[in-house]
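> TSV, N, CA and C atoms, file work-v4.tsv:
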```tsv
chain	number	residue	atom	x	y	z
A	1	MET	N	10.62	-5.44	-0.06
A	1	MET	CA	10.66	-4.08	0.43
A	1	MET	C	10.77	-4.12	1.95
A	2	ASN	N	11.69	-3.36	2.48
A	2	ASN	CA	11.81	-3.31	3.93
A	2	ASN	C	11.11	-2.06	4.46
A	3	PRO	N	10.90	-1.98	5.76
A	3	PRO	CA	10.18	-0.83	6.32
A	3	PRO	C	10.81	0.52	5.98
A	4	GLN	N	12.12	0.58	5.87
A	4	GLN	CA	12.77	1.84	5.49
A	4	GLN	C	12.32	2.27	4.10
A	5	ASP	N	12.14	1.30	3.20
A	5	ASP	CA	11.63	1.62	1.87
A	5	ASP	C	10.24	2.23	1.96
A	6	LEU	N	9.44	1.78	2.92
A	6	LEU	CA	8.10	2.34	3.09
A	6	LEU	C	8.18	3.79	3.58
A	7	ASN	N	9.20	4.13	4.36
A	7	ASN	CA	9.39	5.53	4.75
A	7	ASN	C	9.70	6.38	3.52
A	8	VAL	N	10.51	5.85	2.62
A	8	VAL	CA	10.81	6.55	1.37
A	8	VAL	C	9.53	6.68	0.54
A	9	LEU	N	8.75	5.61	0.47
A	9	LEU	CA	7.47	5.65	-0.25
A	9	LEU	C	6.57	6.72	0.34
A	10	ASN	N	6.48	6.78	1.65
A	10	ASN	CA	5.65	7.78	2.32
A	10	ASN	C	6.07	9.19	1.90
A	11	ALA	N	7.35	9.48	1.95
A	11	ALA	CA	7.83	10.81	1.58
A	11	ALA	C	7.54	11.11	0.12
A	12	PHE	N	7.76	10.13	-0.75
A	12	PHE	CA	7.52	10.32	-2.18
A	12	PHE	C	6.05	10.60	-2.47
A	13	VAL	N	5.17	9.77	-1.93
A	13	VAL	CA	3.74	9.93	-2.20
A	13	VAL	C	3.25	11.26	-1.62
A	14	THR	N	3.70	11.60	-0.44
A	14	THR	CA	3.29	12.86	0.17
A	14	THR	C	3.68	14.04	-0.70
A	15	LYS	N	4.91	14.08	-1.13
A	15	LYS	CA	5.38	15.21	-1.94
A	15	LYS	C	4.75	15.22	-3.33
A	16	THR	N	4.58	14.05	-3.93
A	16	THR	CA	4.00	13.97	-5.27
A	16	THR	C	2.55	14.41	-5.28
A	17	THR	N	1.76	13.92	-4.33
A	17	THR	CA	0.35	14.29	-4.32
A	17	THR	C	0.16	15.76	-4.00
A	18	GLN	N	1.06	16.33	-3.19
A	18	GLN	CA	0.98	17.77	-2.91
A	18	GLN	C	1.33	18.58	-4.14
A	19	ALA	N	2.39	18.20	-4.82
A	19	ALA	CA	2.88	18.97	-5.97
A	19	ALA	C	1.95	18.85	-7.18
A	20	LEU	N	1.45	17.66	-7.43
A	20	LEU	CA	0.67	17.43	-8.64
A	20	LEU	C	-0.83	17.48	-8.42
A	21	LYS	N	-1.24	17.52	-7.19
A	21	LYS	CA	-2.67	17.49	-6.86
A	21	LYS	C	-3.35	16.29	-7.50
A	22	GLY	N	-2.60	15.19	-7.59
A	22	GLY	CA	-3.13	14.00	-8.23
A	22	GLY	C	-3.65	12.99	-7.24
A	23	HIS	N	-4.08	11.89	-7.77
A	23	HIS	CA	-4.60	10.78	-6.98
A	23	HIS	C	-3.58	9.65	-7.04
A	24	ALA	N	-3.24	9.10	-5.91
A	24	ALA	CA	-2.24	8.03	-5.87
A	24	ALA	C	-2.86	6.74	-5.34
A	25	VAL	N	-2.41	5.64	-5.93
A	25	VAL	CA	-2.79	4.30	-5.48
A	25	VAL	C	-1.51	3.53	-5.26
A	26	VAL	N	-1.36	2.95	-4.09
A	26	VAL	CA	-0.21	2.11	-3.76
A	26	VAL	C	-0.68	0.66	-3.80
A	27	VAL	N	-0.04	-0.15	-4.63
A	27	VAL	CA	-0.38	-1.57	-4.73
A	27	VAL	C	0.76	-2.37	-4.11
A	28	THR	N	0.46	-3.08	-3.04
A	28	THR	CA	1.47	-3.92	-2.39
A	28	THR	C	1.28	-5.36	-2.85
A	29	HIS	N	2.39	-6.02	-3.14
A	29	HIS	CA	2.29	-7.39	-3.65
A	29	HIS	C	3.51	-8.21	-3.28
A	30	GLY	N	4.17	-7.84	-2.21
A	30	GLY	CA	5.37	-8.56	-1.80
A	30	GLY	C	5.51	-8.61	-0.30
A	31	PRO	N	6.73	-8.82	0.18
A	31	PRO	CA	6.95	-9.00	1.61
A	31	PRO	C	6.59	-7.78	2.46
A	32	GLU	N	6.48	-6.61	1.82
A	32	GLU	CA	6.10	-5.41	2.57
A	32	GLU	C	4.72	-5.53	3.19
A	33	LEU	N	3.90	-6.45	2.69
A	33	LEU	CA	2.55	-6.58	3.22
A	33	LEU	C	2.56	-6.94	4.70
A	34	ARG	N	3.61	-7.59	5.17
A	34	ARG	CA	3.70	-7.95	6.60
A	34	ARG	C	3.67	-6.72	7.50
A	35	VAL	N	4.16	-5.61	7.00
A	35	VAL	CA	4.15	-4.36	7.77
A	35	VAL	C	2.72	-3.96	8.11
A	36	PHE	N	1.78	-4.25	7.21
A	36	PHE	CA	0.40	-3.80	7.37
A	36	PHE	C	-0.48	-4.79	8.14
A	37	ALA	N	0.09	-5.92	8.55
A	37	ALA	CA	-0.68	-6.90	9.33
A	37	ALA	C	-0.91	-6.36	10.74
A	38	ARG	N	-2.13	-6.51	11.22
A	38	ARG	CA	-2.47	-6.03	12.56
A	38	ARG	C	-1.53	-6.62	13.62
A	39	GLU	N	-1.15	-7.88	13.44
A	39	GLU	CA	-0.29	-8.53	14.44
A	39	GLU	C	1.09	-7.88	14.53
A	40	ASN	N	1.48	-7.13	13.52
A	40	ASN	CA	2.79	-6.48	13.51
A	40	ASN	C	2.71	-4.98	13.79
A	41	TYR	N	1.54	-4.52	14.22
A	41	TYR	CA	1.35	-3.08	14.39
A	41	TYR	C	2.35	-2.46	15.37
A	42	VAL	N	2.57	-3.09	16.50
A	42	VAL	CA	3.49	-2.51	17.49
A	42	VAL	C	4.88	-2.33	16.88
A	43	LYS	N	5.32	-3.32	16.13
A	43	LYS	CA	6.65	-3.27	15.52
A	43	LYS	C	6.76	-2.18	14.46
A	44	TYR	N	5.70	-1.99	13.69
A	44	TYR	CA	5.74	-1.06	12.55
A	44	TYR	C	4.79	0.13	12.72
A	45	GLN	N	4.44	0.44	13.94
A	45	GLN	CA	3.43	1.47	14.20
A	45	GLN	C	3.74	2.79	13.51
A	46	GLY	N	4.98	3.23	13.56
A	46	GLY	CA	5.34	4.51	12.96
A	46	GLY	C	4.99	4.60	11.49
A	47	ILE	N	5.40	3.61	10.72
A	47	ILE	CA	5.16	3.65	9.27
A	47	ILE	C	3.69	3.38	8.95
A	48	VAL	N	3.05	2.48	9.70
A	48	VAL	CA	1.63	2.20	9.46
A	48	VAL	C	0.81	3.47	9.72
A	49	ASP	N	1.12	4.17	10.79
A	49	ASP	CA	0.40	5.40	11.07
A	49	ASP	C	0.60	6.44	9.97
A	50	LYS	N	1.81	6.53	9.42
A	50	LYS	CA	2.06	7.45	8.31
A	50	LYS	C	1.23	7.07	7.08
A	51	MET	N	1.14	5.78	6.81
A	51	MET	CA	0.36	5.32	5.65
A	51	MET	C	-1.13	5.59	5.89
A	52	LYS	N	-1.58	5.46	7.12
A	52	LYS	CA	-2.98	5.75	7.45
A	52	LYS	C	-3.28	7.22	7.21
A	53	VAL	N	-2.35	8.10	7.56
A	53	VAL	CA	-2.53	9.53	7.31
A	53	VAL	C	-2.66	9.78	5.81
A	54	LEU	N	-1.81	9.13	5.01
A	54	LEU	CA	-1.93	9.25	3.55
A	54	LEU	C	-3.29	8.76	3.08
A	55	SER	N	-3.74	7.64	3.64
A	55	SER	CA	-5.05	7.11	3.28
A	55	SER	C	-6.15	8.11	3.61
A	56	ASP	N	-6.06	8.72	4.77
A	56	ASP	CA	-7.05	9.73	5.17
A	56	ASP	C	-7.05	10.93	4.22
A	57	LYS	N	-5.93	11.14	3.54
A	57	LYS	CA	-5.82	12.25	2.58
A	57	LYS	C	-6.19	11.83	1.16
A	58	GLY	N	-6.64	10.57	0.99
A	58	GLY	CA	-7.12	10.13	-0.31
A	58	GLY	C	-6.25	9.14	-1.05
A	59	VAL	N	-5.07	8.82	-0.53
A	59	VAL	CA	-4.23	7.81	-1.17
A	59	VAL	C	-4.85	6.44	-0.91
A	60	GLU	N	-5.01	5.65	-1.96
A	60	GLU	CA	-5.57	4.31	-1.81
A	60	GLU	C	-4.45	3.29	-1.64
A	61	PHE	N	-4.68	2.34	-0.76
A	61	PHE	CA	-3.75	1.24	-0.54
A	61	PHE	C	-4.45	-0.05	-0.91
A	62	ARG	N	-3.91	-0.73	-1.91
A	62	ARG	CA	-4.48	-2.00	-2.37
A	62	ARG	C	-3.44	-3.09	-2.20
A	63	MET	N	-3.91	-4.26	-1.80
A	63	MET	CA	-3.00	-5.37	-1.51
A	63	MET	C	-3.41	-6.61	-2.28
A	64	CYS	N	-2.41	-7.29	-2.81
A	64	CYS	CA	-2.61	-8.50	-3.59
A	64	CYS	C	-3.07	-9.66	-2.70
A	65	HIS	N	-4.23	-10.20	-3.03
A	65	HIS	CA	-4.76	-11.35	-2.28
A	65	HIS	C	-3.85	-12.56	-2.40
A	66	ASN	N	-3.31	-12.79	-3.59
A	66	ASN	CA	-2.43	-13.94	-3.77
A	66	ASN	C	-1.22	-13.85	-2.85
A	67	ALA	N	-0.63	-12.67	-2.74
A	67	ALA	CA	0.55	-12.49	-1.90
A	67	ALA	C	0.22	-12.65	-0.42
A	68	LEU	N	-0.89	-12.09	0.01
A	68	LEU	CA	-1.23	-12.21	1.43
A	68	LEU	C	-1.57	-13.65	1.78
A	69	ARG	N	-2.24	-14.34	0.88
A	69	ARG	CA	-2.55	-15.75	1.13
A	69	ARG	C	-1.27	-16.58	1.18
A	70	ALA	N	-0.34	-16.32	0.27
A	70	ALA	CA	0.93	-17.05	0.26
A	70	ALA	C	1.73	-16.81	1.53
A	71	ALA	N	1.54	-15.64	2.14
A	71	ALA	CA	2.24	-15.30	3.39
A	71	ALA	C	1.50	-15.82	4.62
A	72	GLY	N	0.36	-16.48	4.40
A	72	GLY	CA	-0.38	-17.07	5.51
A	72	GLY	C	-1.38	-16.15	6.19
A	73	PHE	N	-1.78	-15.08	5.49
A	73	PHE	CA	-2.73	-14.13	6.05
A	73	PHE	C	-4.09	-14.24	5.37
A	74	THR	N	-5.09	-13.63	5.99
A	74	THR	CA	-6.39	-13.42	5.37
A	74	THR	C	-6.62	-11.91	5.32
A	75	LYS	N	-7.60	-11.48	4.55
A	75	LYS	CA	-7.85	-10.04	4.42
A	75	LYS	C	-8.19	-9.40	5.75
A	76	ASP	N	-8.76	-10.16	6.66
A	76	ASP	CA	-9.14	-9.63	7.97
A	76	ASP	C	-7.94	-9.37	8.88
A	77	ASP	N	-6.76	-9.82	8.47
A	77	ASP	CA	-5.55	-9.63	9.27
A	77	ASP	C	-4.94	-8.24	9.10
A	78	PHE	N	-5.53	-7.43	8.22
A	78	PHE	CA	-4.92	-6.15	7.88
A	78	PHE	C	-5.77	-4.97	8.34
A	79	HIS	N	-5.14	-3.84	8.44
A	79	HIS	CA	-5.81	-2.61	8.87
A	79	HIS	C	-6.89	-2.22	7.87
A	80	GLY	N	-7.89	-1.52	8.35
A	80	GLY	CA	-9.06	-1.20	7.56
A	80	GLY	C	-8.83	-0.30	6.37
A	81	PHE	N	-7.71	0.40	6.32
A	81	PHE	CA	-7.48	1.28	5.17
A	81	PHE	C	-6.89	0.54	3.98
A	82	ILE	N	-6.66	-0.76	4.13
A	82	ILE	CA	-6.14	-1.60	3.05
A	82	ILE	C	-7.30	-2.26	2.32
A	83	THR	N	-7.31	-2.16	1.00
A	83	THR	CA	-8.29	-2.85	0.17
A	83	THR	C	-7.59	-4.03	-0.49
A	84	VAL	N	-8.14	-5.21	-0.31
A	84	VAL	CA	-7.55	-6.41	-0.92
A	84	VAL	C	-8.13	-6.58	-2.32
A	85	VAL	N	-7.23	-6.76	-3.29
A	85	VAL	CA	-7.62	-7.00	-4.68
A	85	VAL	C	-7.18	-8.41	-5.06
A	86	PRO	N	-7.80	-9.02	-6.07
A	86	PRO	CA	-7.48	-10.41	-6.40
A	86	PRO	C	-6.00	-10.67	-6.69
A	87	ALA	N	-5.36	-9.78	-7.45
A	87	ALA	CA	-3.96	-10.00	-7.82
A	87	ALA	C	-3.29	-8.64	-8.06
A	88	GLY	N	-2.04	-8.52	-7.62
A	88	GLY	CA	-1.34	-7.24	-7.67
A	88	GLY	C	-0.99	-6.76	-9.06
A	89	PHE	N	-0.35	-7.62	-9.86
A	89	PHE	CA	0.11	-7.17	-11.18
A	89	PHE	C	-1.05	-6.84	-12.12
A	90	PRO	N	-2.11	-7.64	-12.16
A	90	PRO	CA	-3.26	-7.22	-12.97
A	90	PRO	C	-3.88	-5.91	-12.48
A	91	GLU	N	-3.84	-5.67	-11.18
A	91	GLU	CA	-4.35	-4.41	-10.64
A	91	GLU	C	-3.52	-3.24	-11.15
A	92	ILE	N	-2.20	-3.42	-11.17
A	92	ILE	CA	-1.31	-2.38	-11.70
A	92	ILE	C	-1.61	-2.15	-13.18
A	93	ALA	N	-1.80	-3.22	-13.94
A	93	ALA	CA	-2.11	-3.09	-15.36
A	93	ALA	C	-3.44	-2.36	-15.56
A	94	LEU	N	-4.43	-2.68	-14.74
A	94	LEU	CA	-5.72	-2.00	-14.82
A	94	LEU	C	-5.56	-0.51	-14.56
A	95	LEU	N	-4.82	-0.18	-13.52
A	95	LEU	CA	-4.60	1.23	-13.21
A	95	LEU	C	-3.88	1.95	-14.35
A	96	GLN	N	-2.91	1.29	-14.96
A	96	GLN	CA	-2.21	1.89	-16.09
A	96	GLN	C	-3.16	2.13	-17.25
A	97	SER	N	-4.08	1.21	-17.47
A	97	SER	CA	-5.05	1.37	-18.57
A	97	SER	C	-6.00	2.53	-18.30
A	98	GLN	N	-6.08	2.93	-17.03
A	98	GLN	CA	-6.94	4.06	-16.64
A	98	GLN	C	-6.16	5.38	-16.58
A	99	GLY	N	-4.89	5.33	-17.00
A	99	GLY	CA	-4.10	6.54	-17.07
A	99	GLY	C	-3.13	6.76	-15.92
A	100	TYR	N	-3.11	5.85	-14.97
A	100	TYR	CA	-2.14	5.97	-13.88
A	100	TYR	C	-0.75	5.63	-14.39
A	101	GLN	N	0.25	6.22	-13.77
A	101	GLN	CA	1.64	5.93	-14.10
A	101	GLN	C	2.21	4.97	-13.07
A	102	TYR	N	2.96	4.00	-13.54
A	102	TYR	CA	3.59	3.02	-12.65
A	102	TYR	C	4.95	3.53	-12.21
A	103	ILE	N	5.15	3.62	-10.92
A	103	ILE	CA	6.44	4.02	-10.36
A	103	ILE	C	6.84	2.95	-9.37
A	104	ASN	N	8.02	2.39	-9.59
A	104	ASN	CA	8.49	1.32	-8.70
A	104	ASN	C	9.62	1.81	-7.85
```
Would you write out, as structure tokens, the structure that this file holds?

Amino acid sequence: MNPQDLNVLNAFVTKTTQALKGHAVVVTHGPELRVFARENYVKYQGIVDKMKVLSDKGVEFRMCHNALRAAGFTKDDFHGFITVVPAGFPEIALLQSQGYQYIN
């Protein structure tokens, strides 16, 4: 996922949560996680700030520990609104079992 895709994600989540009054969880488990690394904040400030606004409105951001470790990061390398979970795909499966819909 490139940063432009995250802008699309931002627009989608914003409009969906407004229209449906639902709860959204974004699970990151790929190269997009680099956008959320503190060391890359200056480069991706615009999109990170948009995601933080969504977080402040109740959208949860969860990140795959396996993916961040494979990319050479630790959980402390990311902004505070990111919650690190053990693995991305099992997290998605868990959310689906709780009634969440998977949208890719």
> Give me the residues near Pro31 (chain A) as a list in words, where near means some atom within 9 Å (using only C-alpha atoms) and where sequence neighbours in that chain fewer than 2 positions away do not count.
Met1, Asn2, Thr28, His29, Leu33, Arg34, Val35, Ala67, Leu68 and Ala71 of chain A
> Figure out the distance between atom N of Val85 (chain A) and CA of Met63 (chain A), please, to one decimal in Å.
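Computing the Euclidean distance for CA of Met63 (chain A) and atom N of Val85 (chain A) yields 4.8 Å.
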> What is the distance between atom C of Gly22 (chain A) and CA of Ile103 (chain A), in Å to one decimal?
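So the two atoms, atom C of Gly22 (chain A) and CA of Ile103 (chain A), lie 13.9 Å apart.
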> Could you state the separation of CA of Asp49 (chain A) and CA of Val27 (chain A) in Å, given to one decimal place?
17.3 Å
> Which of these, A:Glu39, A:Gln45, A:Glu60, A:Ser55, has the shortest distance to Val26 (chain A) once you count all atoms listed in the file?
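The closest residue to Val26 (chain A) is A:Glu60.
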> Of the residues A:Ile92, A:His23, A:Gln101, A:Asp77, which is the one nearest to Asn40 (chain A), using only C-alpha atoms?
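Comparing A:Ile92, A:His23, A:Gln101, A:Asp77 against Asn40 (chain A), the winner is A:Asp77.
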> Can you list every residue in chain A that DSSP puts in alpha helix (DSSP H), as a PyMOL selection string?
chain A and resi 3-20+41-56+65-70+88-97
> Rank A:Phe89, A:Phe36, A:Tyr102, A:Phe12 by their smallest atom-to-atom distance to Asn66 (chain A), using only C-alpha atoms, and report the top residue only.
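Of A:Phe89, A:Phe36, A:Tyr102, A:Phe12, the one nearest Asn66 (chain A), counting only C-alpha atoms, is A:Phe89.
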> Pick out each residue of chain A that DSSP on the backbone tags as strand (DSSP E); I need them as a list in words.
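Listing strand (DSSP E) positions across chain A yields Val25, Val26, Val27, Thr28, Glu60, Phe61, Arg62, Met63, Cys64, Ile82, Thr83, Val84 and Val85 of chain A.
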> Pick the closest to Leu54 (chain A) from A:Asn104, A:Gln98, A:Thr14, A:Thr74: which is it, counting all atoms listed in the file?
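Between A:Asn104, A:Gln98, A:Thr14, A:Thr74, the residue approaching Leu54 (chain A) most closely is A:Thr14.
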> Between A:Cys64, A:Ala87, A:Leu6, A:Val59, which residue has the minimum interatomic distance to Ile47 (chain A), considering all atoms listed in the file?
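The answer is A:Leu6, which sits nearest to Ile47 (chain A).
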> Which residue gives the smallest distance to Phe81 (chain A) among A:Lys50, A:Ala24, A:Val8, A:Arg62, with only C-alpha atoms counted?
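Among the listed residues, the smallest separation from Phe81 (chain A) belongs to A:Arg62.
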